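Trainee: Data: input-v8.txt, compact mmCIF, C-alpha atoms.
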# COMPACT_ATOMS: atom_id res chain seq x y z
CA MET R 1 17.38 100.83 127.29
CA PRO R 2 17.13 103.91 125.05
CA SER R 3 19.67 106.67 125.55
CA CYS R 4 18.76 110.32 125.94
CA ASN R 5 21.84 112.44 125.37
CA LEU R 6 20.05 115.66 124.53
CA SER R 7 16.84 115.42 126.51
CA THR R 8 15.20 113.44 129.25
CA ALA R 9 11.55 113.19 130.17
CA PRO R 10 10.58 115.61 132.97
CA LEU R 11 11.22 114.08 136.37
CA ALA R 12 8.05 113.11 138.21
CA GLY R 13 7.57 112.72 141.95
CA SER R 14 7.78 114.81 145.10
CA ARG R 15 11.36 114.47 146.40
CA PHE R 16 14.39 115.47 144.35
CA ALA R 17 18.10 116.02 144.83
CA VAL R 18 20.23 118.62 143.05
CA VAL R 19 24.00 118.09 142.82
CA VAL R 20 26.02 121.23 142.00
CA SER R 21 29.58 120.62 140.81
CA ARG R 22 32.13 121.74 138.24
CA PHE R 23 32.31 118.13 136.98
CA SER R 24 35.90 118.63 135.91
CA PRO R 25 35.84 115.69 135.75
CA LEU R 26 33.03 113.49 137.00
CA HIS R 27 34.88 110.98 139.18
CA VAL R 28 33.92 107.70 140.82
CA GLY R 29 33.18 109.16 144.27
CA LEU R 30 30.90 111.87 142.90
CA GLU R 31 29.24 109.41 140.54
CA GLN R 32 28.53 107.07 143.45
CA ARG R 33 27.02 109.94 145.43
CA ILE R 34 24.66 110.75 142.55
CA TYR R 35 23.53 107.14 142.26
CA ASP R 36 23.08 106.94 146.03
CA LEU R 37 20.85 110.01 145.91
CA ALA R 38 18.94 108.49 142.99
CA SER R 39 18.09 105.50 145.17
CA HIS R 40 16.68 107.74 147.93
CA TYR R 41 14.91 110.41 145.84
CA ASP R 42 12.48 110.38 142.95
CA GLY R 43 15.09 111.98 140.72
CA VAL R 44 18.50 113.66 140.71
CA ILE R 45 19.49 116.82 138.81
CA PRO R 46 23.27 117.16 138.37
CA VAL R 47 23.94 120.85 137.69
CA LEU R 48 27.18 121.73 135.93
CA ALA R 49 28.39 125.00 137.47
CA SER R 50 30.88 126.74 135.23
CA ARG R 51 32.42 130.08 134.49
CA PRO R 52 31.36 131.86 131.29
CA GLU R 53 32.96 130.41 128.17
CA PRO R 54 36.15 132.36 127.34
CA ALA R 55 36.48 133.60 123.78
CA ASP R 56 39.63 131.63 122.99
CA GLY R 57 38.25 129.54 120.15
CA ILE R 58 37.86 126.34 122.15
CA GLY R 59 36.26 127.57 125.37
CA LEU R 60 38.84 126.32 127.88
CA ASP R 61 38.04 127.31 131.45
CA SER R 62 41.13 128.86 133.07
CA LEU R 63 40.27 127.17 136.36
CA THR R 64 39.84 123.62 135.05
CA GLY R 65 41.45 123.59 131.62
CA LEU R 66 38.27 121.98 130.26
CA SER R 67 35.50 123.58 128.25
CA ALA R 68 32.03 123.76 129.78
CA ARG R 69 30.59 122.60 126.47
CA ASN R 70 32.49 119.34 126.50
CA ARG R 71 31.94 118.72 130.21
CA TYR R 72 28.19 119.13 129.76
CA ARG R 73 28.19 116.78 126.78
CA TYR R 74 30.12 114.17 128.75
CA LEU R 75 27.80 114.60 131.74
CA ARG R 76 24.74 113.96 129.60
CA GLU R 77 26.44 110.97 128.01
CA ALA R 78 27.46 109.55 131.40
CA PHE R 79 23.82 109.39 132.56
CA ASN R 80 22.04 108.99 129.22
CA ASP R 81 20.67 105.57 130.14
CA ASP R 82 19.16 106.57 133.48
CA PRO R 83 15.74 108.30 133.25
CA ALA R 84 15.89 109.32 136.93
CA ILE R 85 18.94 111.55 136.38
CA SER R 86 18.56 114.76 134.36
CA PRO R 87 21.75 116.87 133.94
CA LYS R 88 21.49 120.66 133.59
CA LYS R 89 23.96 123.53 133.20
CA LEU R 90 24.37 126.81 135.12
CA ILE R 91 27.02 129.31 134.02
CA TRP R 92 28.29 131.36 136.95
CA SER R 93 31.28 133.36 138.15
CA ASP R 94 33.04 132.92 141.48
CA ASP R 95 31.80 136.34 142.62
CA ALA R 96 28.21 135.57 141.75
CA ALA R 97 28.05 132.87 144.44
CA THR R 98 28.76 135.41 147.18
CA VAL R 99 28.22 139.00 146.01
CA ASP R 100 24.87 138.40 144.35
CA ALA R 101 23.81 135.28 146.19
CA PRO R 102 20.00 135.71 146.07
CA ALA R 103 20.04 136.15 142.30
CA TRP R 104 22.38 133.19 141.87
CA ILE R 105 20.21 130.95 144.05
CA LYS R 106 17.14 131.94 142.07
CA ARG R 107 18.93 130.95 138.87
CA LEU R 108 19.82 127.62 140.46
CA GLN R 109 16.17 127.11 141.43
CA ASP R 110 15.03 127.90 137.90
CA VAL R 111 17.50 125.44 136.45
CA ALA R 112 16.46 122.70 138.88
CA LEU R 113 12.74 123.23 138.34
CA SER R 114 13.20 123.11 134.56
CA ALA R 115 13.91 119.39 134.94
CA LEU R 116 10.65 118.65 136.77
CA ALA R 117 7.15 117.80 135.63
CA ASP R 118 4.02 119.42 137.08
CA PRO R 119 5.27 122.76 138.46
CA SER R 120 2.24 123.09 140.76
CA ALA R 121 2.93 119.87 142.70
CA ALA R 122 4.19 119.85 146.28
CA ARG R 123 7.82 118.77 146.50
CA GLU R 124 10.96 118.74 148.58
CA ILE R 125 14.26 119.61 146.91
CA THR R 126 17.61 118.97 148.57
CA VAL R 127 20.69 120.66 147.14
CA VAL R 128 24.17 119.24 147.71
CA THR R 129 27.44 120.53 146.30
CA ASP R 130 31.17 119.91 146.38
CA ILE R 131 32.08 123.60 145.89
CA ALA R 132 32.85 125.28 149.23
CA ALA R 133 31.77 128.78 148.11
CA VAL R 134 28.43 127.46 146.86
CA ASP R 135 27.85 125.48 150.04
CA ARG R 136 28.49 128.60 152.17
CA THR R 137 26.17 130.68 150.00
CA LEU R 138 23.35 128.16 150.23
CA ARG R 139 23.65 127.88 154.00
CA ASN R 140 23.89 131.64 154.53
CA VAL R 141 21.12 132.75 152.17
CA TRP R 142 18.82 129.78 151.86
CA PRO R 143 16.25 130.78 154.51
CA ALA R 144 15.49 133.94 152.49
CA ALA R 145 15.53 132.09 149.21
CA GLU R 146 13.40 129.25 150.53
CA ALA R 147 10.14 131.15 150.17
CA ALA R 148 11.09 132.72 146.84
CA THR R 149 9.13 131.85 143.75
CA PRO R 150 11.33 130.21 141.10
CA SER R 151 10.24 131.36 137.69
CA SER R 152 11.04 130.66 134.09
CA PRO R 153 11.64 133.44 131.51
CA SER R 154 8.14 132.98 130.15
CA SER R 155 6.60 133.75 133.54
CA VAL R 156 7.65 137.41 133.39
CA ALA R 157 4.64 138.29 131.28
CA SER R 158 2.24 135.95 133.04
CA SER R 159 -1.26 137.01 133.95
CA ALA R 160 -2.48 137.79 137.47
CA ALA R 161 -4.11 134.38 137.56
CA ASP R 162 -0.77 132.76 136.66
CA ASP R 163 0.94 134.77 139.41
CA GLN R 164 -1.55 133.51 141.98
CA THR R 165 -1.04 129.94 140.83
CA GLN R 166 2.71 130.38 140.95
CA ALA R 167 2.64 131.89 144.44
CA ALA R 168 0.55 129.00 145.67
CA SER R 169 3.01 126.63 144.07
CA SER R 170 6.06 128.25 145.75
CA GLU R 171 4.51 127.65 149.16
CA ARG R 172 4.43 123.96 148.35
CA ILE R 173 8.19 123.78 147.55
CA HIS R 174 10.62 123.11 150.40
CA TRP R 175 14.30 123.77 149.64
CA ASN R 176 17.09 122.56 151.90
CA VAL R 177 20.82 121.94 151.85
CA GLY R 178 22.35 118.46 152.08
CA ASP R 179 25.78 117.44 153.28
CA VAL R 180 28.68 118.80 151.22
CA VAL R 181 30.49 116.25 149.05
CA ALA R 182 33.76 116.52 150.94
CA GLY R 183 37.02 116.37 148.99
CA SER R 184 35.36 116.13 145.57
CA ASP R 185 36.24 119.62 144.29
CA ASP R 186 39.81 119.31 145.59
CA LEU R 187 40.20 115.99 143.77
CA GLN R 188 38.96 117.56 140.53
CA ARG R 189 41.50 120.39 140.85
CA THR R 190 44.29 117.89 141.55
CA ILE R 191 43.40 115.86 138.45
CA CYS R 192 43.29 118.98 136.27
CA ASP R 193 46.65 120.15 137.62
CA ASP R 194 48.24 116.86 136.52
CA PRO R 195 45.89 115.66 133.77
CA HIS R 196 47.99 112.77 132.46
CA ASN R 197 48.94 111.24 135.78
CA ARG R 198 48.08 107.57 135.41
CA LYS R 199 47.13 107.10 139.07
CA TYR R 200 43.98 109.17 138.52
CA TRP R 201 42.82 107.26 135.43
CA PRO R 202 40.77 104.63 137.35
CA VAL R 203 38.72 107.27 139.19
CA ILE R 204 37.79 109.35 136.11
CA ASN R 205 34.38 108.57 134.62
CA HIS R 206 34.65 106.78 131.27
CA THR R 207 33.02 109.53 129.21
CA PHE R 208 35.35 112.18 130.66
CA ARG R 209 38.53 110.18 130.06
CA ARG R 210 39.01 111.49 126.53
CA GLU R 211 39.92 114.87 128.09
CA PHE R 212 42.72 113.21 130.09
CA THR R 213 44.08 110.93 127.36
CA THR R 214 47.67 111.26 126.20
CA VAL R 215 47.58 111.86 122.45
CA VAL R 216 50.60 110.88 120.35
CA LEU R 217 50.46 112.19 116.79
CA VAL R 218 52.65 110.76 114.02
CA VAL R 219 53.14 112.98 110.96
CA GLY R 220 55.28 113.19 107.86
CA SER R 221 55.18 113.25 104.08
CA ALA R 222 53.80 110.38 102.02
CA SER R 223 55.50 106.96 102.11
CA VAL R 224 57.66 107.48 105.19
CA GLY R 225 56.15 104.69 107.29
CA LYS R 226 53.64 106.61 109.44
CA THR R 227 50.92 103.97 109.32
CA THR R 228 53.40 101.16 109.97
CA MET R 229 54.76 102.97 113.02
CA VAL R 230 51.32 103.85 114.41
CA THR R 231 50.17 100.25 113.97
CA ARG R 232 53.21 98.86 115.75
CA LEU R 233 53.00 101.38 118.58
CA SER R 234 49.30 100.66 119.12
CA LYS R 235 50.08 96.97 119.60
CA LEU R 236 53.07 97.60 121.86
CA PHE R 237 51.12 100.03 124.06
CA ASP R 238 47.74 98.25 123.74
CA ALA R 239 46.17 101.47 122.54
CA PRO R 240 43.56 102.50 119.96
CA ILE R 241 44.66 104.21 116.75
CA ALA R 242 43.23 106.39 114.01
CA VAL R 243 45.05 105.58 110.78
CA GLU R 244 45.60 107.91 107.83
CA TYR R 245 42.22 108.72 106.30
CA ALA R 246 42.90 110.32 102.90
CA ARG R 247 42.81 107.05 100.96
CA GLU R 248 39.47 106.02 102.45
CA PHE R 249 38.10 109.50 101.78
CA GLU R 250 39.25 109.59 98.16
CA GLU R 251 38.02 106.07 97.39
CA ALA R 252 34.60 106.81 98.91
CA ARG R 253 34.24 110.02 96.88
CA ASN R 254 35.96 108.88 93.68
CA VAL R 255 38.49 111.71 93.72
CA ASP R 256 42.22 111.50 93.02
CA ASP R 257 45.02 113.35 94.84
CA ASP R 258 45.42 116.01 92.17
CA GLU R 259 41.63 116.51 91.86
CA LEU R 260 41.05 117.64 95.44
CA THR R 261 39.41 121.07 95.76
CA ALA R 262 39.16 123.33 98.81
CA PHE R 263 35.71 121.85 99.49
CA ASP R 264 37.15 118.32 99.33
CA TYR R 265 39.92 119.27 101.72
CA GLN R 266 37.46 120.82 104.14
CA ARG R 267 35.43 117.62 104.26
CA LEU R 268 38.66 115.63 104.65
CA ILE R 269 39.80 117.83 107.57
CA LEU R 270 36.54 117.43 109.47
CA SER R 271 36.22 113.72 108.68
CA LYS R 272 39.75 113.02 109.91
CA PHE R 273 39.10 115.01 113.08
CA ALA R 274 35.95 112.95 113.71
CA GLN R 275 37.93 109.75 113.18
CA ASN R 276 40.55 110.90 115.70
CA GLU R 277 37.80 111.69 118.21
CA GLN R 278 36.46 108.15 117.81
CA ALA R 279 39.84 106.78 118.89
CA LEU R 280 39.72 108.96 122.02
CA ALA R 281 36.20 107.76 122.85
CA SER R 282 37.04 104.09 122.20
CA ASP R 283 36.46 101.51 124.92
CA ALA R 284 40.03 100.38 124.19
CA ASN R 285 41.38 103.73 125.40
CA HIS R 286 43.50 102.99 128.49
CA GLY R 287 45.07 106.43 128.67
CA ILE R 288 47.02 106.80 125.42
CA VAL R 289 46.04 106.87 121.73
CA PHE R 290 48.03 107.11 118.51
CA LEU R 291 46.93 109.23 115.57
CA ASP R 292 48.24 108.87 112.02
CA THR R 293 48.20 112.41 110.53
CA ASP R 294 45.89 115.29 111.40
CA ALA R 295 44.81 118.72 110.18
CA MET R 296 48.37 120.06 110.28
CA VAL R 297 49.42 117.49 107.68
CA THR R 298 46.38 118.33 105.57
CA LYS R 299 47.25 122.01 105.89
CA THR R 300 50.69 121.21 104.48
CA TYR R 301 49.15 119.50 101.45
CA VAL R 302 46.90 122.51 100.92
CA LYS R 303 49.83 124.94 101.11
CA ARG R 304 51.81 122.82 98.66
CA TYR R 305 49.21 121.85 96.10
CA LEU R 306 46.27 124.29 96.11
CA PRO R 307 46.37 127.77 94.53
CA PRO R 308 46.86 130.39 97.27
CA GLU R 309 43.48 132.02 96.73
CA GLU R 310 41.73 128.65 97.08
CA ALA R 311 43.86 127.58 100.06
CA ALA R 312 42.95 130.82 101.88
CA ARG R 313 39.33 129.68 102.06
CA LEU R 314 40.37 126.98 104.52
CA ASP R 315 42.22 129.19 107.00
CA SER R 316 39.37 129.40 109.51
CA THR R 317 38.71 125.65 109.33
CA PHE R 318 42.37 124.86 109.93
CA ASP R 319 42.58 127.31 112.82
CA MET R 320 39.50 125.86 114.50
CA VAL R 321 40.43 122.18 114.09
CA ILE R 322 44.14 122.51 114.93
CA ARG R 323 43.28 124.32 118.17
CA GLN R 324 40.87 121.54 119.06
CA GLU R 325 43.30 118.67 118.40
CA ARG R 326 45.75 119.32 121.28
CA PRO R 327 48.30 116.49 120.79
CA ASP R 328 50.65 115.89 123.72
CA LEU R 329 53.50 114.63 121.55
CA VAL R 330 54.12 115.06 117.80
CA LEU R 331 56.49 112.54 116.22
CA VAL R 332 57.74 113.68 112.81
CA ILE R 333 59.15 111.13 110.36
CA PRO R 334 61.34 112.83 107.73
CA PRO R 335 61.58 111.41 104.16
CA VAL R 336 64.72 109.29 104.65
CA THR R 337 63.31 106.12 103.08
CA GLU R 338 62.47 105.32 99.46
CA TYR R 339 59.13 106.48 98.07
CA VAL R 340 56.99 103.37 97.51
CA ASP R 341 54.58 102.96 94.60
CA ASP R 342 51.62 101.21 96.23
CA GLY R 343 49.28 101.78 93.28
CA PHE R 344 47.45 104.58 95.06
CA ARG R 345 49.92 107.36 95.84
CA ALA R 346 50.53 110.13 93.36
CA MET R 347 54.02 109.25 92.12
CA GLN R 348 54.59 112.80 90.88
CA TRP R 349 54.77 113.79 94.55
CA ALA R 350 57.84 111.62 95.17
CA SER R 351 60.29 114.35 94.16
CA ASP R 352 58.44 116.87 96.33
CA ARG R 353 58.80 114.98 99.62
CA TYR R 354 61.67 117.07 100.97
CA LYS R 355 59.95 120.37 100.21
CA PHE R 356 56.77 118.92 101.70
CA HIS R 357 58.71 118.05 104.85
CA GLU R 358 60.09 121.60 105.07
CA THR R 359 56.60 123.05 104.70
CA LEU R 360 55.26 120.64 107.33
CA MET R 361 57.97 121.76 109.77
CA ASP R 362 56.95 125.38 109.11
CA VAL R 363 53.31 124.51 109.84
CA LEU R 364 54.33 122.76 113.07
CA ARG R 365 56.47 125.69 114.18
CA GLU R 366 53.52 128.05 113.63
CA SER R 367 51.14 125.77 115.55
CA PRO R 368 50.43 125.83 119.32
CA TYR R 369 52.37 122.55 119.61
CA ALA R 370 55.87 123.53 118.46
CA ASP R 371 57.35 122.56 121.85
CA ARG R 372 55.89 119.04 121.55
CA VAL R 373 57.60 118.12 118.25
CA VAL R 374 60.26 115.39 118.11
CA LEU R 375 62.05 114.57 114.86
CA LEU R 376 62.66 110.84 114.29
CA ASP R 377 65.59 111.29 111.91
CA ASP R 378 67.12 107.83 112.46
CA ARG R 379 68.46 106.02 109.42
CA THR R 380 66.92 102.58 110.04
CA PHE R 381 63.39 101.46 110.94
CA ALA R 382 64.67 99.68 114.06
CA GLU R 383 66.44 102.80 115.31
CA ARG R 384 63.43 104.95 114.55
CA ASP R 385 61.02 102.64 116.39
CA ALA R 386 63.32 102.51 119.40
CA HIS R 387 63.63 106.30 119.33
CA ALA R 388 59.84 106.68 119.30
CA ILE R 389 59.36 104.30 122.23
CA ARG R 390 62.07 106.07 124.23
CA VAL R 391 60.60 109.53 123.60
CA ILE R 392 57.08 108.39 124.46
CA GLY R 393 58.37 107.05 127.79
CA GLU R 394 60.32 110.23 128.55
CA ARG R 395 57.55 112.66 127.56
CA THR R 396 54.43 110.80 128.69
CA GLY R 397 55.49 108.12 131.17
CA PHE R 398 53.90 105.34 129.09
CA THR R 399 55.94 102.22 128.35
CA PRO R 400 55.11 99.17 126.20
CA ARG R 401 52.89 96.64 127.94
CA GLY R 402 54.51 93.58 129.49
Step by step, read the file and then write its structure as structure tokens.

Mentor:
Amino acid sequence: MPSCNLSTAPLAGSRFAVVVSRFSPLHVGLEQRIYDLASHYDGVIPVLASRPEPADGIGLDSLTGLSARNRYRYLREAFNDDPAISPKKLIWSDDAATVDAPAWIKRLQDVALSALADPSAAREITVVTDIAAVDRTLRNVWPAAEAATPSSPSSVASSAADDQTQAASSERIHWNVGDVVAGSDDLQRTICDDPHNRKYWPVINHTFRREFTTVVLVVGSASVGKTTMVTRLSKLFDAPIAVEYAREFEEARNVDDDELTAFDYQRLILSKFAQNEQALASDANHGIVFLDTDAMVTKTYVKRYLPPEEAARLDSTFDMVIRQERPDLVLVIPPVTEYVDDGFRAMQWASDRYKFHETLMDVLRESPYADRVVLLDDRTFAERDAHAIRVIGERTGFTPRG
């Protein structure tokens, strides 16, 4: 069946259900309610109700800790194979649901009707929600809003004939309120308050799970054993990984370490971020993923090996990507082992490993994740691996399988 992430065909029929929720996250109970409605109505319109996006660079809602942008993307993805379900988005404030209820309800009507085909057809629309304030508003104001004429922005300049058609249409639309989805909003708040609690993992919809995944990042200078550690940890914890990407990038683009320009680094930063996102979205994700290097490591290379004026061009890219990464634990491997010539690494960098490590620690201290950094300064590989496993258990609650 074809997917429709970005658009669905207009819903046809006469009876529809609208489900208003924060979807932070979509959980099994709410998902089941939507499918139950889909079996009783001609179509269902899940409406993501969210506060305005804060200007913090990543759009995190202070109430949920999740951005509306990502939640809406996940919601579309969750139902992208069901033509009877058409997700929409409505940005609102808490006050708008009570202080300016008629205007808010009209916006909700407009959003719901935008999913439907044939605006002149008779229809019944039932609205259900899991947000107590919205449910109260609908029940208190709905009789007045019931006879209102929902309109799209283009209808403002409509002709008199269009107005008459629209008025006739509004008389053929019956709005009513369904039973509240009890406990759903409280469950979402509980999950967001303790986002890495494993007991909630089974009830979180698959597409939303990447927001609640524990991310363990392994960083360090070249030839310190990052990839070996990440590979071992992924097997011990039965978790997906995203391995170091620079070699693949350079081979694909026929560029050597010392030939990288600011443009090359920018493409490398974004490509590595996309690779890390793939690990989070993997079907093998059971709650924890391991990442081998990230934008903070790339930033260290840029600070060490690019001229300052060229490195400065990447500041905005680094700021954007590093704020998006949000690792829960950063394991740093210092250069305590011998630099290995694997036929690919730039051997002239071997003598620079300690200065690289110092610069990396500076980058980490300046990042939003300084309190999540753990230095694995053990002298042997066995001690270092044991240290990593112990810290992961203490900081995240995850232990090796079996």

Trainee: With distances taken over only C-alpha atoms, which of R:Asp264, R:Asp378, R:Glu211, R:Asp362 is nearest to R:Arg326?

Mentor: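 Result for the nearest residue to R:Arg326: R:Glu211.
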
Trainee: Using atom CA of R:Asn254 and atom CA of R:Ser271 as the two end points, give the distance in Å to one decimal.

Mentor: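 These two atoms are separated by 15.8 Å.
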
Trainee: Find the residues around R:Val373 up to 8 Å (only C-alpha atoms counted), leave out those fewer than 2 positions away in its own chain, and share them as a list in words.

Mentor: Leu329, Val330, Leu331, Val332, Leu364, Tyr369, Ala370, Asp371 and Leu375 of chain R

Trainee: To one decimal in Å, tell me the separation between atom CA of R:Gly43 and atom CA of R:Arg209.

Mentor: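 Answer for the atom CA of R:Gly43 to atom CA of R:Arg209 separation: 25.8 Å.
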
Trainee: List every residue of stretch 165-245 of chain R that has an atom at most 7 Å from any atom of stretch 272-289 of chain R, and for each one report the closest atom pair and its distance in Å to one decimal, counting all atoms listed in the file, with rows sorted by chain and then by increasing residue number, as a tab-separated table.

Mentor:
residue	atom	partner	partner_atom	distance
R:Arg210	CA	R:Leu280	CA	5.2
R:Thr213	CA	R:Gly287	CA	4.8
R:Thr214	CA	R:Ile288	CA	4.6
R:Val215	CA	R:Val289	CA	5.3
R:Val216	CA	R:Val289	CA	6.2
R:Ala239	CA	R:Val289	CA	5.5
R:Pro240	CA	R:Val289	CA	5.3
R:Ile241	CA	R:Val289	CA	5.8
R:Ala242	CA	R:Asn276	CA	5.5
R:Tyr245	CA	R:Lys272	CA	6.1

Trainee: Keeping C-alpha atoms for every residue in the selection just given, could you write it to a file as a CSV table (one decimal), in the coordinates of the input?

Mentor:
chain,number,residue,atom,x,y,z
R,210,ARG,CA,39.0,111.5,126.5
R,213,THR,CA,44.1,110.9,127.4
R,214,THR,CA,47.7,111.3,126.2
R,215,VAL,CA,47.6,111.9,122.4
R,216,VAL,CA,50.6,110.9,120.4
R,239,ALA,CA,46.2,101.5,122.5
R,240,PRO,CA,43.6,102.5,120.0
R,241,ILE,CA,44.7,104.2,116.8
R,242,ALA,CA,43.2,106.4,114.0
R,245,TYR,CA,42.2,108.7,106.3

Trainee: Point out the residue among R:Gln109, R:Thr317, R:Ser50, R:Thr137 with the least atom-to-atom distance to R:Trp92, counting all atoms listed in the file.

Mentor: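 The answer is R:Ser50, which sits nearest to R:Trp92.
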
Trainee: Counting all atoms listed in the file, find the residues whose atoms lie at most 12 Å from (34.8, 109.8, 143.3) (file coordinates) and write them out as an mmCIF file with C-alpha atoms, keeping the file's coordinate frame.

Mentor:
data_model
loop_
_atom_site.group_PDB
_atom_site.id
_atom_site.type_symbol
_atom_site.label_atom_id
_atom_site.label_comp_id
_atom_site.auth_asym_id
_atom_site.auth_seq_id
_atom_site.Cartn_x
_atom_site.Cartn_y
_atom_site.Cartn_z
ATOM 1 C CA PHE R 23 32.310 118.130 136.980
ATOM 2 C CA SER R 24 35.900 118.630 135.910
ATOM 3 C CA PRO R 25 35.840 115.690 135.750
ATOM 4 C CA LEU R 26 33.030 113.490 137.000
ATOM 5 C CA HIS R 27 34.880 110.980 139.180
ATOM 6 C CA VAL R 28 33.920 107.700 140.820
ATOM 7 C CA GLY R 29 33.180 109.160 144.270
ATOM 8 C CA LEU R 30 30.900 111.870 142.900
ATOM 9 C CA GLU R 31 29.240 109.410 140.540
ATOM 10 C CA GLN R 32 28.530 107.070 143.450
ATOM 11 C CA ARG R 33 27.020 109.940 145.430
ATOM 12 C CA ILE R 34 24.660 110.750 142.550
ATOM 13 C CA TYR R 35 23.530 107.140 142.260
ATOM 14 C CA ASP R 130 31.170 119.910 146.380
ATOM 15 C CA VAL R 181 30.490 116.250 149.050
ATOM 16 C CA ALA R 182 33.760 116.520 150.940
ATOM 17 C CA GLY R 183 37.020 116.370 148.990
ATOM 18 C CA SER R 184 35.360 116.130 145.570
ATOM 19 C CA ASP R 185 36.240 119.620 144.290
ATOM 20 C CA ASP R 186 39.810 119.310 145.590
ATOM 21 C CA LEU R 187 40.200 115.990 143.770
ATOM 22 C CA GLN R 188 38.960 117.560 140.530
ATOM 23 C CA ILE R 191 43.400 115.860 138.450
ATOM 24 C CA TYR R 200 43.980 109.170 138.520
ATOM 25 C CA TRP R 201 42.820 107.260 135.430
ATOM 26 C CA PRO R 202 40.770 104.630 137.350
ATOM 27 C CA VAL R 203 38.720 107.270 139.190
ATOM 28 C CA ILE R 204 37.790 109.350 136.110
ATOM 29 C CA ASN R 205 34.380 108.570 134.620
#

Trainee: Ranking R:Leu66, R:Asp328, R:Arg22, R:Thr126 by minimum distance to R:Ile173 and counting all atoms listed in the file, which one comes first?

Mentor: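 Going through R:Leu66, R:Asp328, R:Arg22, R:Thr126 one by one, the smallest distance to R:Ile173 is for R:Thr126.
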
Trainee: What separation in Å, quoted to one decimal, exists between atom CA of R:Asn197 and atom CA of R:Gly65?

Mentor: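 A separation of 15.0 Å between them.
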
Trainee: Tell me, as a PyMOL selection string, which residues lie within 7 Å of stretch 218-226 of chain R, counting all atoms listed in the file; anything in the same chain fewer than 5 positions away does not count.

Mentor: chain R and resi 291-293+297+330-335+337+339-340+353+356-357

Trainee: Which is closer to R:Asp238 than all the others in R:Met320, R:Pro102, R:Leu270, R:Phe290, using only C-alpha atoms?

Mentor: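 Selected residue with least distance to R:Asp238: R:Phe290.
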